[in-house]
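Raw structure_21.pdb, PDB, C-alpha atoms:
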ATOM      1  CA  MET A   1     111.600  94.828  88.704  1.00  0.00           C
ATOM      2  CA  VAL A   2     108.624  93.507  90.688  1.00  0.00           C
ATOM      3  CA  GLN A   3     108.739  94.076  94.448  1.00  0.00           C
ATOM      4  CA  GLU A   4     107.060  92.206  97.311  1.00  0.00           C
ATOM      5  CA  VAL A   5     103.664  93.762  97.989  1.00  0.00           C
ATOM      6  CA  TYR A   6     100.914  93.811 100.611  1.00  0.00           C
ATOM      7  CA  GLU A   7      98.023  91.379 100.375  1.00  0.00           C
ATOM      8  CA  GLY A   8      94.782  92.554  98.836  1.00  0.00           C
ATOM      9  CA  LEU A   9      96.201  94.460  95.884  1.00  0.00           C
ATOM     10  CA  PRO A  10      94.872  93.809  92.376  1.00  0.00           C
ATOM     11  CA  GLU A  11      97.195  92.821  89.557  1.00  0.00           C
ATOM     12  CA  THR A  12      96.405  96.060  87.705  1.00  0.00           C
ATOM     13  CA  CYS A  13      94.264  99.151  88.110  1.00  0.00           C
ATOM     14  CA  TYR A  14      93.635 102.460  86.420  1.00  0.00           C
ATOM     15  CA  SER A  15      94.731 105.861  87.603  1.00  0.00           C
ATOM     16  CA  TYR A  16      95.101 109.284  86.018  1.00  0.00           C
ATOM     17  CA  LEU A  17      97.724 111.996  85.954  1.00  0.00           C
ATOM     18  CA  ARG A  18      96.431 114.906  87.997  1.00  0.00           C
ATOM     19  CA  ASN A  19      98.188 117.543  85.895  1.00  0.00           C
ATOM     20  CA  THR A  20      97.161 116.320  82.412  1.00  0.00           C
ATOM     21  CA  GLY A  21      94.132 114.077  82.867  1.00  0.00           C
ATOM     22  CA  GLU A  22      95.885 111.226  81.068  1.00  0.00           C
ATOM     23  CA  LEU A  23      94.474 107.801  81.949  1.00  0.00           C
ATOM     24  CA  VAL A  24      97.231 105.349  82.987  1.00  0.00           C
ATOM     25  CA  VAL A  25      97.598 101.753  84.167  1.00  0.00           C
ATOM     26  CA  LEU A  26      99.391 100.709  87.356  1.00  0.00           C
ATOM     27  CA  LYS A  27     100.784  97.204  87.810  1.00  0.00           C
ATOM     28  CA  ARG A  28     101.170  95.575  91.221  1.00  0.00           C
ATOM     29  CA  GLY A  29     104.787  95.577  92.399  1.00  0.00           C
ATOM     30  CA  GLU A  30     106.066  97.820  89.616  1.00  0.00           C
ATOM     31  CA  SER A  31     107.234 101.434  89.851  1.00  0.00           C
ATOM     32  CA  GLY A  32     105.697 104.090  87.660  1.00  0.00           C
ATOM     33  CA  TYR A  33     102.808 103.736  85.248  1.00  0.00           C
ATOM     34  CA  TYR A  34     101.932 102.599  81.749  1.00  0.00           C
ATOM     35  CA  ARG A  35     100.343 104.942  79.254  1.00  0.00           C
ATOM     36  CA  THR A  36      97.017 104.086  77.625  1.00  0.00           C
ATOM     37  CA  ASP A  37      95.594 105.070  74.258  1.00  0.00           C
ATOM     38  CA  CYS A  38      92.792 106.874  76.061  1.00  0.00           C
ATOM     39  CA  THR A  39      93.079 110.649  76.016  1.00  0.00           C
ATOM     40  CA  THR A  40      90.314 112.370  77.896  1.00  0.00           C
ATOM     41  CA  GLY A  41      91.045 116.058  77.543  1.00  0.00           C
ATOM     42  CA  SER A  42      90.173 116.828  81.146  1.00  0.00           C
ATOM     43  CA  VAL A  43      91.028 115.742  84.663  1.00  0.00           C
ATOM     44  CA  GLU A  44      87.342 115.367  85.532  1.00  0.00           C
ATOM     45  CA  THR A  45      86.694 112.997  82.630  1.00  0.00           C
ATOM     46  CA  ALA A  46      89.822 110.993  83.421  1.00  0.00           C
ATOM     47  CA  LYS A  47      88.780 110.612  87.056  1.00  0.00           C
ATOM     48  CA  ALA A  48      85.301 109.428  86.023  1.00  0.00           C
ATOM     49  CA  LEU A  49      86.751 106.912  83.548  1.00  0.00           C
ATOM     50  CA  MET A  50      89.232 105.666  86.154  1.00  0.00           C
ATOM     51  CA  GLU A  51      86.398 105.053  88.615  1.00  0.00           C
ATOM     52  CA  GLN A  52      84.306 103.280  85.946  1.00  0.00           C
ATOM     53  CA  TYR A  53      87.163 101.067  84.695  1.00  0.00           C
ATOM     54  CA  ASN A  54      88.325 100.149  88.203  1.00  0.00           C
ATOM     55  CA  GLN A  55      84.770  99.280  89.202  1.00  0.00           C
ATOM     56  CA  LYS A  56      84.502  96.936  86.195  1.00  0.00           C
ATOM     57  CA  LEU A  57      87.766  95.291  87.306  1.00  0.00           C
ATOM     58  CA  GLY A  58      86.479  94.951  90.879  1.00  0.00           C
ATOM     59  CA  VAL A  59      89.130  97.347  92.215  1.00  0.00           C
ATOM     60  CA  SER A  60      88.045  99.326  95.281  1.00  0.00           C
ATOM     61  CA  ARG A  61      89.017 102.936  95.910  1.00  0.00           C
ATOM     62  CA  ALA A  62      91.233 101.762  98.797  1.00  0.00           C
ATOM     63  CA  GLN A  63      93.044  99.342  96.490  1.00  0.00           C
ATOM     64  CA  ALA A  64      93.502 101.994  93.795  1.00  0.00           C
ATOM     65  CA  ALA A  65      94.891 104.498  96.331  1.00  0.00           C
ATOM     66  CA  ALA A  66      97.326 101.898  97.669  1.00  0.00           C
ATOM     67  CA  MET A  67      98.416 101.029  94.120  1.00  0.00           C
ATOM     68  CA  GLU A  68      99.101 104.721  93.385  1.00  0.00           C
ATOM     69  CA  THR A  69     101.200 105.051  96.530  1.00  0.00           C
ATOM     70  CA  GLY A  70     103.128 101.854  95.842  1.00  0.00           C
ATOM     71  CA  ALA A  71     103.855 102.832  92.247  1.00  0.00           C
ATOM     72  CA  MET A  72     105.186 106.228  93.366  1.00  0.00           C
ATOM     73  CA  PHE A  73     106.887 105.611  96.707  1.00  0.00           C
ATOM     74  CA  GLY A  74     107.615 101.879  96.823  1.00  0.00           C
ATOM     75  CA  TRP A  75     105.609  98.830  97.798  1.00  0.00           C
ATOM     76  CA  HIS A  76     107.111  98.617 101.296  1.00  0.00           C
ATOM     77  CA  VAL A  77     105.518 101.817 102.674  1.00  0.00           C
ATOM     78  CA  PRO A  78     102.308 101.719 104.793  1.00  0.00           C
ATOM     79  CA  GLY A  79     100.515 103.720 102.108  1.00  0.00           C
ATOM     80  CA  ALA A  80     100.855 100.764  99.728  1.00  0.00           C
ATOM     81  CA  ASN A  81      98.606  98.664 101.973  1.00  0.00           C
ATOM     82  CA  PRO A  82      94.892  98.864 101.094  1.00  0.00           C
ATOM     83  CA  LYS A  83      93.991  98.089 104.728  1.00  0.00           C
ATOM     84  CA  ASN A  84      95.243 101.577 105.622  1.00  0.00           C
ATOM     85  CA  TYR A  85      92.493 103.319 103.595  1.00  0.00           C
ATOM     86  CA  ASP A  86      88.778 103.856 104.127  1.00  0.00           C
ATOM     87  CA  GLU A  87      86.143 102.859 101.555  1.00  0.00           C
ATOM     88  CA  ASN A  88      86.570 106.221  99.788  1.00  0.00           C
ATOM     89  CA  GLY A  89      90.308 105.715  99.306  1.00  0.00           C
ATOM     90  CA  ARG A  90      91.337 108.157 102.027  1.00  0.00           C
ATOM     91  CA  PHE A  91      94.378 107.260 104.108  1.00  0.00           C
ATOM     92  CA  LEU A  92      93.505 106.405 107.707  1.00  0.00           C
ATOM     93  CA  ARG A  93      95.493 108.350 110.279  1.00  0.00           C
ATOM     94  CA  PHE A  94      96.902 106.255 113.081  1.00  0.00           C
ATOM     95  CA  LYS A  95      99.860 106.351 115.365  1.00  0.00           C
ATOM     96  CA  LEU A  96     102.862 104.685 113.704  1.00  0.00           C
ATOM     97  CA  LYS A  97     102.634 101.526 115.819  1.00  0.00           C
ATOM     98  CA  GLU A  98      98.998 101.024 114.751  1.00  0.00           C
ATOM     99  CA  TYR A  99      99.715 100.901 110.996  1.00  0.00           C
ATOM    100  CA  GLU A 100      98.852  97.666 109.305  1.00  0.00           C
ATOM    101  CA  LEU A 101     102.356  96.459 108.481  1.00  0.00           C
ATOM    102  CA  GLU A 102     101.756  92.758 107.984  1.00  0.00           C
ATOM    103  CA  ARG A 103     102.092  91.348 104.487  1.00  0.00           C
TER     104      ARG A 103
END
Write the structure described by the file as structure tokens, please.
Amino acid sequence: MVQEVYEGLPETCYSYLRNTGELVVLKRGESGYYRTDCTTGSVETAKALMEQYNQKLGVSRAQAAAMETGAMFGWHVPGANPKNYDENGRFLRFKLKEYELER
């Protein structure tokens, strides 16, 4: 089931499973992830491939971080908004009323 999402999110992006290094695909508005045929063998390689593939797609680190949060915790949470991340994909810390909540 596709949920309403924040503006500025790509249709898809790549991520990786931190415990296995498996490269996965995230889809905007959908929970969970989709497996790929790409097995990397290490978390470091998976992270590098994720960065490379997302860059080719034009997906910023902020967008990828927001997509990860949305896929795991729901698309309604402030963490699913790419405006709440810096250019390195780190969540910006604000007081609750300062979060970017507009769609």
Surrounding residues of segment 54-60 of chain A excluding itself and chain neighbours under 2 positions, 12 Å, all atoms listed in the file, as an MDAnalysis selection string
chainID A and resid 8:16 23:26 46:52 62:67 82:83 85:90
Taking every listed atom of segment 62-81 of chain A and adding 8 Å to each side, what centre and edge lengths in Å (one decimal) does the axis-aligned box have, as lines of an AutoDock Vina configuration file?
center_x = 99.4
center_y = 102.4
center_z = 98.5
size_x = 32.4
size_y = 23.6
size_z = 28.5
Take atom CA of Asn84 of chain A and atom CA of Ser42 of chain A and report the distance between them in Å, one decimal.
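If I compute the distance from atom CA of Asn84 of chain A to atom CA of Ser42 of chain A, I get 29.3 Å.
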Starting from the displayed file, determine the output of the PyMOL selection byres ((chain A and resi 73-78) around 9) and express the residue list as a PyMOL selection string.
chain A and resi 3-6+28-31+66-72+79-82+84+99-101
Just give me the gap between atom CA of Cys38 of chain A and atom CA of Phe91 of chain A in Å, one decimal is fine.
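For atom CA of Cys38 of chain A relative to atom CA of Phe91 of chain A, the distance reads 28.1 Å.
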Atom CA of Arg93 of chain A and atom CA of Glu22 of chain A, how far apart in Å?
29.4 Å
